[in-house]
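Quick notes on the structure that follows.
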Amino acid sequence: MERRVFLAGLGAMGIAPGTAWALDKNSAERLINALVSDINRVIASGKSEGAMFREFERIFKKYSDTSYIAAYAMGVDARRASAAQKRSFSQAFQKYVSHKYGSRFREFIGGRLEVTGVSKVKNWYEVSTVAYLRGESPFEVTFLVSDRSGQDLFFNMYIEGVNLLLTERTEIGAMIDRNGGNLDKMIADLQAIT
Amino acid sequence: MRLMATHPKFFLSFAWSCFQFGANKAWNALYSHARHLKVVCTESQFMPLSSNTKTVSKLAAAAALILTLGACSNPDTAMTRGDQVWDPYEQGNRKVHAFNRGLDRAIIRPTSRGYSSILPDEIEDSIGNVAENLAMPGVFVNAILQGDLRTAGLATTRFLVNSTLGMGGMFDVASDFQVEEADTDFGETLHVWGVGEGAYIELPLLGPATGRDTAGKIVDLFTNPLSYTLPSPEKTYGTVASVASRLSDRGRYSDTIDSILYESADSYAQARLIYLQNRRFELGQSNQSAEIDPFALDTEGF
């Protein structure tokens, strides 16, 4: 499954396997532009909510460093998680994230995201975009892109300074606490949301 | 400007007493101020013009007190880094949060839904514009206090253009002319003056804040010159419009706000984190990228 998605991703990006990956300003910007146009396409498609969530899940898998985001969200508890727990958490988490953020994209209907700049920070890139929504003053959305995984993928996102990774680590942490530290129960909770 | 000039003096004269009584004492005073916020607010709206002088001096004294309390609640700078949250009053805050959530569920959420569904979007936008326009004189005052002439200029231009060409602020003509939005508040003024963020506080009705922003919110009840110069019914327009536009926002961003308040595992912690990050971002404090290194985490198995 992972492999198939990976290959599909490669195909969709029009890059043959074996091409050397070189993250630079242009490729980071290209990634975010492609992401934005994919999101805009889904919003404009007027599909049913369920279909949109599936689309967002696909987009999330294609453009983001899902294993990094999942690992970060689980935080220090990941040290005591079994391989099976990590795997099922990662899957449930992807569904949960696309569901959660996908349902907010409704607010983006009729709006648009524009890339305004790219800058290098340490060993990754920061792509700044501005979101224009109806009746709202434009606001900043920033994506962080790295090639940690061997592919150019975004590993964090900021909406007006609000950090996706920190927000989700807090949320998953609260779920773990609520279940008295039981990771399986937390994963079941996560699956129940979607 | 006068306040600004006397500000270091406040710092010095109250520093010792802060030190003596301890931060807890300062907090308690601040907290009871916050609890009386609603009363203060009501007073200011219905204040007869004749009593202005007396009230102004009373307010100046209150502002001085608040300013120093804000200063006292300054922890250390480590607290303003990364996801670090300084929340020594968590127990009390959680109670307030439960109250706010109950209030939202019972009154604010249903009201905003009704409000948003009855009013056409254009009218909601206009009310939002009016609220924003009437806030501009307050933005101007704070920008001047911060020595930020650019924002002061923007606020002035927006207010003049939108009040005239924009039919009393109903239409945001200034934005059509590419005049940037201007927004600031006394909390930011305190930040510019070097007052630290302080402890996290969830205020009844008003929601998340910090020690510094609570002080700012209280002072901002009085920083808008319109509330002193306009005759009695007109000066409440700004307040009414801003309450209406907040209702409108509650309706428009219903899904997002609901997801924080009702769908997250710990809505208190979520609201706290989101507020603090966003506020630090607004104040230009967040050092976005520095804190998370994508290569410094073991992702094996995920």
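Chains: A, B, ... in order of the structure tokens. Residues: from 1 per chain. Ligands: from 1, in order shown.
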Open item on the list: If you run DSSP on the backbone here, which positions in segment 97-174 of chain A get alpha helix (DSSP H)? Please write them as a PyMOL selection string.
Closed with: chain A and resi 97-104+164-174
Task: DSSP strand (DSSP E or B) residues within segment 72-222 of chain B, as a ChimeraX atom specification - done: /B:200-203,207-210
Let me see the file: selected residues, N, CA, C and O atoms, as a PDB file, in the first residue's frame.
ATOM      1  N   TYR B 200      -0.939  32.615  31.517  1.00  0.00           N
ATOM      2  CA  TYR B 200      -2.107  32.400  30.674  1.00  0.00           C
ATOM      3  C   TYR B 200      -3.362  32.556  31.532  1.00  0.00           C
ATOM      4  O   TYR B 200      -3.398  32.094  32.679  1.00  0.00           O
ATOM      5  N   ILE B 201      -4.367  33.220  30.983  1.00  0.00           N
ATOM      6  CA  ILE B 201      -5.611  33.447  31.721  1.00  0.00           C
ATOM      7  C   ILE B 201      -6.779  33.209  30.782  1.00  0.00           C
ATOM      8  O   ILE B 201      -6.783  33.728  29.667  1.00  0.00           O
ATOM      9  N   GLU B 202      -7.749  32.446  31.212  1.00  0.00           N
ATOM     10  CA  GLU B 202      -8.968  32.387  30.410  1.00  0.00           C
ATOM     11  C   GLU B 202     -10.004  33.271  31.091  1.00  0.00           C
ATOM     12  O   GLU B 202     -10.390  33.042  32.237  1.00  0.00           O
ATOM     13  N   LEU B 203     -10.437  34.313  30.376  1.00  0.00           N
ATOM     14  CA  LEU B 203     -11.373  35.264  30.938  1.00  0.00           C
ATOM     15  C   LEU B 203     -12.807  34.817  30.683  1.00  0.00           C
ATOM     16  O   LEU B 203     -13.103  34.286  29.630  1.00  0.00           O
ATOM     17  N   GLY B 207     -12.777  34.880  26.835  1.00  0.00           N
ATOM     18  CA  GLY B 207     -11.938  33.773  26.410  1.00  0.00           C
ATOM     19  C   GLY B 207     -10.469  33.923  26.735  1.00  0.00           C
ATOM     20  O   GLY B 207     -10.092  34.655  27.652  1.00  0.00           O
ATOM     21  N   PRO B 208      -9.603  33.216  25.971  1.00  0.00           N
ATOM     22  CA  PRO B 208      -8.188  33.150  26.282  1.00  0.00           C
ATOM     23  C   PRO B 208      -7.496  34.513  26.282  1.00  0.00           C
ATOM     24  O   PRO B 208      -7.832  35.379  25.474  1.00  0.00           O
ATOM     25  N   ALA B 209      -6.543  34.680  27.181  1.00  0.00           N
ATOM     26  CA  ALA B 209      -5.740  35.899  27.244  1.00  0.00           C
ATOM     27  C   ALA B 209      -4.477  35.578  28.032  1.00  0.00           C
ATOM     28  O   ALA B 209      -4.304  34.464  28.534  1.00  0.00           O
ATOM     29  N   THR B 210      -3.613  36.564  28.124  1.00  0.00           N
ATOM     30  CA  THR B 210      -2.466  36.441  29.013  1.00  0.00           C
ATOM     31  C   THR B 210      -2.593  37.573  30.019  1.00  0.00           C
ATOM     32  O   THR B 210      -3.461  38.433  29.876  1.00  0.00           O
TER      33      THR B 210
END
TODO: Take atom CA of Gly110 of chain A and atom CA of Asp125 of chain B and report the distance between them in Å, one decimal.
DONE: 15.4 Å
Open item on the list: Contacts from chain A to chain B, 7 Å maximum, only C-alpha atoms: show me the residue list as number ranges by chain.
Closed with: A: 67-68, 70-71, 83, 86-87, 90, 104, 135, 148, 160-162, 167, 170-171, 174-175
Produce a file of the selected residues containing C-alpha atoms, as a compact mmCIF listing (two decimals), in the first residue's frame.
# COMPACT_ATOMS: atom_id res chain seq x y z
CA SER A 67 5.40 9.38 9.06
CA TYR A 68 7.16 12.41 10.49
CA ALA A 70 2.52 11.06 13.02
CA ALA A 71 5.73 10.41 14.95
CA ALA A 83 5.64 -1.56 15.69
CA LYS A 86 2.90 2.74 15.40
CA ARG A 87 1.53 1.41 12.14
CA SER A 90 -0.09 6.26 11.62
CA ARG A 104 -12.29 23.26 7.60
CA GLY A 135 -14.97 39.04 3.98
CA ARG A 148 14.14 14.08 4.81
CA GLU A 160 -1.41 32.57 11.36
CA GLY A 161 1.32 31.24 13.57
CA VAL A 162 -0.64 28.20 14.73
CA THR A 167 -1.50 21.41 17.94
CA THR A 170 -1.31 18.42 22.28
CA GLU A 171 -4.43 16.71 20.99
CA ALA A 174 -4.72 14.66 25.69
CA MET A 175 -6.20 11.50 24.17
- [ ] Give the answer as one residue: which of B:Gly194, B:Tyr268, B:Val139, B:Ser163 has the shortest atom-to-atom distance to Leu221 of chain B, using only C-alpha atoms?
- [x]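 Going through B:Gly194, B:Tyr268, B:Val139, B:Ser163 one by one, the smallest distance to Leu221 of chain B is for B:Val139.
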Task: Selected residue of minimal separation from Glu136 of chain A among B:Gly216, B:Ser245, B:Ile260, B:Leu149, counting only C-alpha atoms - done: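 The closest residue to Glu136 of chain A is B:Ser245.
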TODO: For Asp38 of chain A, please output as a list in words all residues within 12 Å (counting only C-alpha atoms; exclusion window: fewer than 2 positions along the same chain).
DONE: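 What passes the distance filter is Ala12, Met13, Leu31, Ile32, Asn33, Ala34, Leu35, Val36, Asn40, Arg41, Val42, Ile43, Ala44, Ser45, Met52, Glu55, Phe56, Glu57, Arg58, Ile59, Phe60, Lys62, Tyr63, Arg112 and Leu113 of chain A.
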- [ ] Give me the residues within 12 Å of Gly117 of chain A as a ChimeraX atom specification, counting only C-alpha atoms and dropping any in the same chain fewer than 4 places off.
- [x] /A:25-26,28-30,32-33,125-130,140-144
Task: Between atom CA of Ser146 of chain A and atom CA of Asn123 of chain A - distance in Å to one decimal - done: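 Atom CA of Ser146 of chain A lies 7.3 Å from atom CA of Asn123 of chain A.
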- [ ] Enter the distance from atom CA of Lys61 of chain A to atom CA of Gln84 of chain B, in Å, rounded to one decimal.
- [x]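 According to the coordinates, atom CA of Lys61 of chain A and atom CA of Gln84 of chain B are separated by 29.7 Å.
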Open item on the list: If we count only C-alpha atoms and set the cut-off at 10 Å, which residues sit around Val76 of chain A, ignoring sequence neighbours fewer than 5 positions away in its own chain? Please answer as a ChimeraX atom specification.
Closed with: /A:71,81,169,173
Since we have the selection now, will you write its residues out, keeping N, CA, C and O atoms, as an mmCIF file, in the first residue's frame?
data_model
loop_
_atom_site.group_PDB
_atom_site.id
_atom_site.type_symbol
_atom_site.label_atom_id
_atom_site.label_comp_id
_atom_site.auth_asym_id
_atom_site.auth_seq_id
_atom_site.Cartn_x
_atom_site.Cartn_y
_atom_site.Cartn_z
ATOM 1 N N ALA A 71 4.750 10.663 13.884
ATOM 2 C CA ALA A 71 5.728 10.415 14.950
ATOM 3 C C ALA A 71 5.805 11.613 15.892
ATOM 4 O O ALA A 71 5.860 11.463 17.119
ATOM 5 N N ALA A 81 5.807 2.535 22.155
ATOM 6 C CA ALA A 81 4.818 1.949 21.239
ATOM 7 C C ALA A 81 5.436 0.784 20.462
ATOM 8 O O ALA A 81 6.596 0.845 20.070
ATOM 9 N N ARG A 169 0.144 17.355 18.539
ATOM 10 C CA ARG A 169 0.796 16.662 19.654
ATOM 11 C C ARG A 169 0.007 16.904 20.939
ATOM 12 O O ARG A 169 -0.168 15.988 21.750
ATOM 13 N N GLY A 173 -1.719 13.905 22.834
ATOM 14 C CA GLY A 173 -1.315 13.794 24.238
ATOM 15 C C GLY A 173 -2.522 13.757 25.161
ATOM 16 O O GLY A 173 -2.594 12.957 26.104
#
Neighbouring residues of Arg212 of chain B were defined as those with any atom within 7 Å, considering only C-alpha atoms; residues of the same chain fewer than 5 positions away were excluded. Please report them as a compact mmCIF listing (two decimals) with N, CA and C atoms, in the first residue's frame.
# COMPACT_ATOMS: atom_id res chain seq x y z
N GLY B 70 0.52 44.21 35.00
CA GLY B 70 0.99 43.55 33.79
C GLY B 70 2.48 43.32 33.89
N GLY B 187 -2.60 45.68 24.51
CA GLY B 187 -1.76 44.53 24.85
C GLY B 187 -0.46 44.59 24.06
N GLY B 196 6.36 41.76 29.85
CA GLY B 196 6.35 40.34 29.48
C GLY B 196 4.94 39.80 29.34
N GLU B 197 4.85 38.62 28.76
CA GLU B 197 3.55 38.04 28.44
C GLU B 197 2.70 37.74 29.67
N GLY B 198 3.32 37.28 30.73
CA GLY B 198 2.57 36.94 31.93
C GLY B 198 1.95 35.57 31.84
- [ ] Could you check which of B:Val240, B:Val85, B:Ala296, B:Val195 is closest to Leu134 of chain B, using only C-alpha atoms?
- [x] B:Val240
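Within 6 Å of Gln191 of chain A, once only C-alpha atoms are used and residues closer than 3 positions along the same chain are dropped, the contacting residues are Ala92, Ala188 and Thr194 of chain A.
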Atoms kept (N, CA and C atoms) for selection, written as a CSV table (one decimal), in the first residue's frame:
chain,number,residue,atom,x,y,z
A,92,ALA,N,-4.5,5.6,11.3
A,92,ALA,CA,-5.7,6.3,11.9
A,92,ALA,C,-5.5,7.8,11.9
A,188,ALA,N,-8.0,3.5,19.2
A,188,ALA,CA,-9.4,3.2,18.9
A,188,ALA,C,-10.2,4.5,18.9
A,194,THR,N,-13.3,9.2,12.9
A,194,THR,CA,-13.5,9.3,11.4
A,194,THR,C,-14.4,8.2,10.9
